[in-house]
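> Before we start, here is the structure in question, set down as structure tokens.
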Amino acid sequence: MEELLYKRFVIVKDHFYEDPQKVLIAANQAVYHEPEHVTGYRSLSVYHEKGVKQRLEKILGIKITRWDVDPIEENGVFYQGFSKGKRKEIPGVHSDEPYNDITIVVYLTPGLPFEYGTSLWMHKKTGLIDPATPKDARRLKMKFSQLRDLLEKESKMREKWIEIDRIGNRFNRMVAYPSGIFHSATKHFGSNMHNGRIYQTFRIGVDWNSFKMSP
């Protein structure tokens with residue numbers, strides 16, 4: 001397992017895109033699918049406005065070392081998250097990989113209530129807020145594989161977790177955090193493209209030594 005290099009943080013930036021309606025049109029026109037063995041109804045293409053990489057470096061205060069353009073890497077893809085209908089999804093608590101990346105979410109649904117944002121979590125039984133390590137397994141007197149299986153099994157059982165932070169949903173708000181921290185959508189909304197929760201995700205590799213928020 002990779003060593004966790006990040007310090008926990010959350011960065012929130014309102015009015016991320018200069019013309020968010022243009023981005024929303026691109027999201028509405030995108031073709032979506034759900035790959036086998038993964039959760040999430042996502043676009044088959046990425047959307048990278050000119051200068052967005054440099055803008056993210058400035059906002060985050062860090063050097064981006066990996067900027068993927070293949071949609072499979074989820075850097076710039078659009079997502080749809082629904083609470084009803086045939087594509088209903090219960091958001092599960094998880095970490096993104098690689099853990100030492102930064103995950104960025106931009107909310108793109110106008111008028112959606114604040115409670116449909118992003119939550120950060122602690123697992124009640126283990127006290128974990130980051131991906132499990134062999135050291136954690138030894139502390140808990142469990143096999144590492146058993147610990148990982150437990151976290152996966154309970155990922156959609158909200159009663160097994162404590163919400164320690166919540167970032168409210170606002171149209172055109174950007175939220176960024178280390179990919180490894182336990183997080184999820186607070187909850188999804190609607191049943192289709194016209195009334196559901198739409199957002200964009202970036203996943204970037206970074207040089208943590210360049211991070212301006214580091215002590």
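Ligands are numbered from 1 in the order shown, residues from 1 within each chain, and chains are lettered A, B, ... in the order they appear in the structure tokens.
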Compile a residue-level contact table for stretch 11-43 of chain A against stretch 50-74 of chain A at a cut-off of 8 Å, reporting for every qualifying residue the shortest atom pair and its distance in Å to one decimal, with only C-alpha atoms counted, rows ordered by chain and ascending number, as JSON lines.

{"residue": "A:Ile11", "atom": "CA", "partner": "A:Leu60", "partner_atom": "CA", "distance": 7.3}
{"residue": "A:Lys13", "atom": "CA", "partner": "A:Ile59", "partner_atom": "CA", "distance": 7.9}
{"residue": "A:Ser43", "atom": "CA", "partner": "A:Pro71", "partner_atom": "CA", "distance": 7.7}
> Report as a list in words all protein, DNA and RNA residues lying within 12 Å of A:Asp14, evaluated on only C-alpha atoms, omitting residues in the same chain fewer than 6 positions from it.
Pro20, Ile59, Val105, Val106, Tyr107, Leu108, Ile167, Gly168, Asn169, Arg170, Phe171, Asn172, Arg173, Met174, Val175 and Ala176 of chain A
> Could you state the separation of atom CA of A:Asn75 and atom CA of A:Thr109 in Å, given to one decimal place?
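Pair atom CA of A:Asn75 / atom CA of A:Thr109 returns 19.1 Å.
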> Quick check for you: according to DSSP on this backbone, which residues of stretch 46-177 of chain A are classed as strand (DSSP E or B)? Reply as JSON, numbers by chain.
{"A": [63, 64, 65, 66, 77, 78, 79, 80, 81, 82, 88, 94, 102, 103, 104, 105, 106, 107, 118, 119, 120, 121, 122, 123, 161, 162, 163, 164, 165, 166, 167, 174, 175, 176, 177]}
> Chain A: which residues are helix (DSSP H, G or I) by DSSP, as a VMD selection string?
chain A and resid 20 to 29 52 to 60 71 to 73 134 to 139 144 to 153 158 to 160 208 to 210
> Now that the selection is made, can you save its residues with N, CA and C atoms as a CSV table (one decimal), in the first residue's frame?

chain,number,residue,atom,x,y,z
A,20,PRO,N,-20.7,29.1,-16.2
A,20,PRO,CA,-21.1,27.8,-15.9
A,20,PRO,C,-22.2,27.2,-16.7
A,21,GLN,N,-23.0,28.1,-17.3
A,21,GLN,CA,-24.1,27.6,-18.2
A,21,GLN,C,-23.5,26.9,-19.4
A,22,LYS,N,-22.4,27.4,-19.9
A,22,LYS,CA,-21.7,26.7,-21.0
A,22,LYS,C,-21.3,25.3,-20.6
A,23,VAL,N,-20.8,25.2,-19.4
A,23,VAL,CA,-20.3,23.9,-18.9
A,23,VAL,C,-21.5,22.9,-18.7
A,24,LEU,N,-22.6,23.5,-18.2
A,24,LEU,CA,-23.8,22.7,-18.0
A,24,LEU,C,-24.4,22.2,-19.3
A,25,ILE,N,-24.3,23.0,-20.4
A,25,ILE,CA,-24.8,22.6,-21.7
A,25,ILE,C,-23.9,21.4,-22.2
A,26,ALA,N,-22.6,21.5,-22.0
A,26,ALA,CA,-21.7,20.4,-22.3
A,26,ALA,C,-22.0,19.1,-21.6
A,27,ALA,N,-22.4,19.3,-20.3
A,27,ALA,CA,-22.8,18.1,-19.5
A,27,ALA,C,-24.1,17.5,-20.0
A,28,ASN,N,-25.0,18.3,-20.4
A,28,ASN,CA,-26.3,17.8,-20.9
A,28,ASN,C,-26.1,17.2,-22.3
A,29,GLN,N,-25.1,17.6,-23.1
A,29,GLN,CA,-24.9,17.0,-24.4
A,29,GLN,C,-24.0,15.8,-24.4
A,52,VAL,N,-7.9,25.5,-17.5
A,52,VAL,CA,-8.4,25.0,-16.3
A,52,VAL,C,-7.3,24.4,-15.4
A,53,LYS,N,-6.3,23.7,-16.0
A,53,LYS,CA,-5.3,23.1,-15.2
A,53,LYS,C,-4.5,24.2,-14.4
A,54,GLN,N,-4.2,25.3,-15.1
A,54,GLN,CA,-3.4,26.4,-14.5
A,54,GLN,C,-4.3,27.1,-13.4
A,55,ARG,N,-5.6,27.2,-13.7
A,55,ARG,CA,-6.5,27.7,-12.7
A,55,ARG,C,-6.6,26.9,-11.4
A,56,LEU,N,-6.6,25.6,-11.6
A,56,LEU,CA,-6.6,24.7,-10.4
A,56,LEU,C,-5.3,24.8,-9.6
A,57,GLU,N,-4.2,24.9,-10.3
A,57,GLU,CA,-2.9,25.0,-9.6
A,57,GLU,C,-2.9,26.3,-8.8
A,58,LYS,N,-3.5,27.4,-9.3
A,58,LYS,CA,-3.5,28.6,-8.6
A,58,LYS,C,-4.4,28.5,-7.4
A,59,ILE,N,-5.6,28.0,-7.6
A,59,ILE,CA,-6.6,27.9,-6.4
A,59,ILE,C,-6.1,26.9,-5.4
A,60,LEU,N,-5.5,25.8,-5.8
A,60,LEU,CA,-5.1,24.8,-4.8
A,60,LEU,C,-3.7,25.1,-4.2
A,71,PRO,N,-10.8,9.5,-20.5
A,71,PRO,CA,-12.0,9.5,-19.5
A,71,PRO,C,-11.9,8.4,-18.5
A,72,ILE,N,-11.3,7.3,-18.7
A,72,ILE,CA,-11.2,6.2,-17.7
A,72,ILE,C,-10.6,6.7,-16.4
A,73,GLU,N,-9.7,7.7,-16.5
A,73,GLU,CA,-9.0,8.2,-15.3
A,73,GLU,C,-9.9,9.3,-14.6
A,134,PRO,N,-1.9,-1.7,7.0
A,134,PRO,CA,-1.6,-2.9,7.8
A,134,PRO,C,-1.4,-2.5,9.3
A,135,LYS,N,-0.9,-1.3,9.6
A,135,LYS,CA,-0.7,-0.9,11.0
A,135,LYS,C,-2.0,-0.8,11.7
A,136,ASP,N,-3.0,-0.2,11.0
A,136,ASP,CA,-4.4,-0.2,11.5
A,136,ASP,C,-4.9,-1.5,11.8
A,137,ALA,N,-4.7,-2.5,10.9
A,137,ALA,CA,-5.2,-3.9,11.2
A,137,ALA,C,-4.5,-4.5,12.4
A,138,ARG,N,-3.3,-4.2,12.6
A,138,ARG,CA,-2.6,-4.7,13.8
A,138,ARG,C,-3.2,-4.1,15.1
A,139,ARG,N,-3.4,-2.8,15.0
A,139,ARG,CA,-4.0,-2.1,16.2
A,139,ARG,C,-5.4,-2.7,16.5
A,144,PHE,N,-5.5,-7.6,7.7
A,144,PHE,CA,-5.7,-6.5,6.8
A,144,PHE,C,-6.8,-6.7,5.8
A,145,SER,N,-6.9,-7.9,5.2
A,145,SER,CA,-7.9,-8.2,4.3
A,145,SER,C,-9.3,-8.1,4.9
A,146,GLN,N,-9.4,-8.5,6.2
A,146,GLN,CA,-10.7,-8.5,6.9
A,146,GLN,C,-11.1,-7.0,7.2
A,147,LEU,N,-10.1,-6.2,7.5
A,147,LEU,CA,-10.4,-4.8,7.7
A,147,LEU,C,-10.9,-4.1,6.5
A,148,ARG,N,-10.3,-4.3,5.4
A,148,ARG,CA,-10.7,-3.7,4.1
A,148,ARG,C,-12.1,-4.2,3.7
A,149,ASP,N,-12.3,-5.5,3.9
A,149,ASP,CA,-13.6,-6.1,3.6
A,149,ASP,C,-14.7,-5.5,4.5
A,150,LEU,N,-14.4,-5.2,5.8
A,150,LEU,CA,-15.4,-4.6,6.7
A,150,LEU,C,-15.8,-3.2,6.2
A,151,LEU,N,-14.8,-2.4,5.8
A,151,LEU,CA,-15.1,-1.1,5.3
A,151,LEU,C,-15.9,-1.1,4.1
A,152,GLU,N,-15.6,-2.0,3.2
A,152,GLU,CA,-16.4,-2.1,1.9
A,152,GLU,C,-17.8,-2.6,2.2
A,153,LYS,N,-17.9,-3.6,3.1
A,153,LYS,CA,-19.3,-4.1,3.4
A,153,LYS,C,-20.2,-3.0,4.0
A,158,ARG,N,-25.0,4.1,6.6
A,158,ARG,CA,-24.7,5.4,7.2
A,158,ARG,C,-24.6,5.3,8.7
A,159,GLU,N,-25.3,4.3,9.3
A,159,GLU,CA,-25.3,4.2,10.8
A,159,GLU,C,-24.0,3.7,11.3
A,160,LYS,N,-23.1,3.3,10.4
A,160,LYS,CA,-21.8,2.8,10.8
A,160,LYS,C,-20.7,3.9,10.7
A,208,TRP,N,3.3,17.1,-3.6
A,208,TRP,CA,2.9,17.5,-2.3
A,208,TRP,C,4.0,18.4,-1.7
A,209,ASN,N,5.2,18.3,-2.1
A,209,ASN,CA,6.3,19.2,-1.6
A,209,ASN,C,6.1,20.7,-2.0
A,210,SER,N,5.3,20.9,-3.0
A,210,SER,CA,5.0,22.2,-3.5
A,210,SER,C,3.7,22.9,-2.9
> If we count only C-alpha atoms, what is near A:Ser179 at a cut-off of 12 Å, once residues fewer than 4 positions away on the same chain are taken out, given as an mmCIF file with N, CA and C atoms, in the first residue's frame?

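around19.cif, written as the output of this step:
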data_model
loop_
_atom_site.group_PDB
_atom_site.id
_atom_site.type_symbol
_atom_site.label_atom_id
_atom_site.label_comp_id
_atom_site.auth_asym_id
_atom_site.auth_seq_id
_atom_site.Cartn_x
_atom_site.Cartn_y
_atom_site.Cartn_z
ATOM 1 N N LEU A 4 0.706 7.413 2.727
ATOM 2 C CA LEU A 4 -0.140 8.596 2.578
ATOM 3 C C LEU A 4 0.705 9.843 2.811
ATOM 4 N N LEU A 5 0.795 10.681 1.790
ATOM 5 C CA LEU A 5 1.666 11.852 1.824
ATOM 6 C C LEU A 5 0.932 13.135 2.176
ATOM 7 N N TYR A 6 -0.371 13.121 2.115
ATOM 8 C CA TYR A 6 -1.138 14.356 2.251
ATOM 9 C C TYR A 6 -1.442 14.702 3.706
ATOM 10 N N LYS A 7 -1.677 15.997 3.931
ATOM 11 C CA LYS A 7 -2.296 16.494 5.156
ATOM 12 C C LYS A 7 -3.755 16.771 4.829
ATOM 13 N N ARG A 8 -4.651 16.423 5.734
ATOM 14 C CA ARG A 8 -6.078 16.592 5.452
ATOM 15 C C ARG A 8 -6.434 18.066 5.271
ATOM 16 N N PHE A 9 -7.239 18.333 4.267
ATOM 17 C CA PHE A 9 -7.712 19.690 4.013
ATOM 18 C C PHE A 9 -8.965 19.618 3.152
ATOM 19 N N VAL A 10 -9.703 20.709 3.129
ATOM 20 C CA VAL A 10 -10.792 20.913 2.176
ATOM 21 C C VAL A 10 -10.668 22.345 1.664
ATOM 22 N N HIS A 94 -16.170 6.081 0.561
ATOM 23 C CA HIS A 94 -15.057 5.460 -0.143
ATOM 24 C C HIS A 94 -13.852 6.396 -0.178
ATOM 25 N N SER A 95 -12.733 5.858 -0.641
ATOM 26 C CA SER A 95 -11.559 6.639 -1.015
ATOM 27 C C SER A 95 -11.366 6.499 -2.514
ATOM 28 N N ASP A 96 -10.811 7.520 -3.144
ATOM 29 C CA ASP A 96 -10.438 7.427 -4.551
ATOM 30 C C ASP A 96 -8.978 7.010 -4.647
ATOM 31 N N GLU A 97 -8.644 6.317 -5.721
ATOM 32 C CA GLU A 97 -7.253 5.922 -5.951
ATOM 33 C C GLU A 97 -6.728 6.611 -7.198
ATOM 34 N N PRO A 98 -5.441 6.943 -7.218
ATOM 35 C CA PRO A 98 -4.446 6.820 -6.160
ATOM 36 C C PRO A 98 -4.785 7.723 -4.961
ATOM 37 N N TYR A 99 -4.496 7.238 -3.766
ATOM 38 C CA TYR A 99 -4.871 7.961 -2.555
ATOM 39 C C TYR A 99 -4.206 9.334 -2.459
ATOM 40 N N ASN A 100 -2.998 9.461 -3.023
ATOM 41 C CA ASN A 100 -2.253 10.711 -2.909
ATOM 42 C C ASN A 100 -2.569 11.714 -4.011
ATOM 43 N N ASP A 101 -3.576 11.458 -4.794
ATOM 44 C CA ASP A 101 -4.098 12.452 -5.733
ATOM 45 C C ASP A 101 -4.933 13.482 -4.974
ATOM 46 N N ILE A 102 -5.402 14.491 -5.694
ATOM 47 C CA ILE A 102 -6.440 15.388 -5.189
ATOM 48 C C ILE A 102 -7.689 15.174 -6.026
ATOM 49 N N THR A 103 -8.826 15.011 -5.365
ATOM 50 C CA THR A 103 -10.126 14.910 -6.023
ATOM 51 C C THR A 103 -10.800 16.280 -5.977
ATOM 52 N N ILE A 104 -11.351 16.674 -7.105
ATOM 53 C CA ILE A 104 -12.025 17.967 -7.229
ATOM 54 C C ILE A 104 -13.419 17.723 -7.778
ATOM 55 N N VAL A 105 -14.420 18.327 -7.158
ATOM 56 C CA VAL A 105 -15.809 18.214 -7.599
ATOM 57 C C VAL A 105 -16.340 19.616 -7.868
ATOM 58 N N LEU A 120 -17.567 14.171 4.520
ATOM 59 C CA LEU A 120 -16.360 13.454 4.927
ATOM 60 C C LEU A 120 -16.688 12.668 6.187
ATOM 61 N N ILE A 129 -10.372 7.521 9.300
ATOM 62 C CA ILE A 129 -10.827 8.612 8.438
ATOM 63 C C ILE A 129 -10.085 8.606 7.104
ATOM 64 N N ASP A 130 -9.097 7.726 6.998
ATOM 65 C CA ASP A 130 -8.284 7.557 5.792
ATOM 66 C C ASP A 130 -8.218 6.069 5.456
ATOM 67 N N PRO A 131 -7.679 5.715 4.291
ATOM 68 C CA PRO A 131 -7.612 4.302 3.925
ATOM 69 C C PRO A 131 -6.906 3.455 4.980
ATOM 70 N N VAL A 175 -15.072 22.000 -4.962
ATOM 71 C CA VAL A 175 -14.625 21.438 -3.689
ATOM 72 C C VAL A 175 -13.441 20.523 -3.975
ATOM 73 N N HIS A 183 -14.920 9.782 1.947
ATOM 74 C CA HIS A 183 -15.876 10.796 1.517
ATOM 75 C C HIS A 183 -17.005 10.155 0.732
ATOM 76 N N SER A 184 -18.045 10.940 0.488
ATOM 77 C CA SER A 184 -19.147 10.511 -0.374
ATOM 78 C C SER A 184 -19.978 11.732 -0.723
ATOM 79 N N THR A 201 -16.033 15.907 -12.078
ATOM 80 C CA THR A 201 -14.946 15.474 -11.209
ATOM 81 C C THR A 201 -13.609 15.582 -11.932
ATOM 82 N N PHE A 202 -12.616 16.085 -11.222
ATOM 83 C CA PHE A 202 -11.225 16.043 -11.674
ATOM 84 C C PHE A 202 -10.440 15.177 -10.697
ATOM 85 N N ARG A 203 -9.459 14.433 -11.204
ATOM 86 C CA ARG A 203 -8.561 13.628 -10.371
ATOM 87 C C ARG A 203 -7.143 13.915 -10.838
ATOM 88 N N ILE A 204 -6.347 14.561 -10.006
ATOM 89 C CA ILE A 204 -5.041 15.044 -10.450
ATOM 90 C C ILE A 204 -3.912 14.515 -9.574
ATOM 91 N N GLY A 205 -2.791 14.200 -10.220
ATOM 92 C CA GLY A 205 -1.574 13.882 -9.494
ATOM 93 C C GLY A 205 -0.830 15.164 -9.169
ATOM 94 N N VAL A 206 -0.234 15.237 -7.980
ATOM 95 C CA VAL A 206 0.372 16.493 -7.525
ATOM 96 C C VAL A 206 1.718 16.251 -6.847
#
> Given the choices A:Pro91, A:Arg197, A:Leu112, A:Val77, which gets closest to A:His48 if the distance is worked out from only C-alpha atoms?
A:Val77
> As a list in words, please: the residues near A:Phe78 (cut-off 6 Å, only C-alpha atoms, same-chain neighbours under 4 positions excluded).
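Skipping anything fewer than 4 positions along the chain leaves Arg42, Ser43, Tyr199 and Gln200 of chain A.
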> Could you tell me how far atom CA of A:Val12 sits from atom CA of A:His33, in Å to one decimal place?
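Atom-to-atom, atom CA of A:His33 and atom CA of A:Val12 are spaced 28.4 Å apart.
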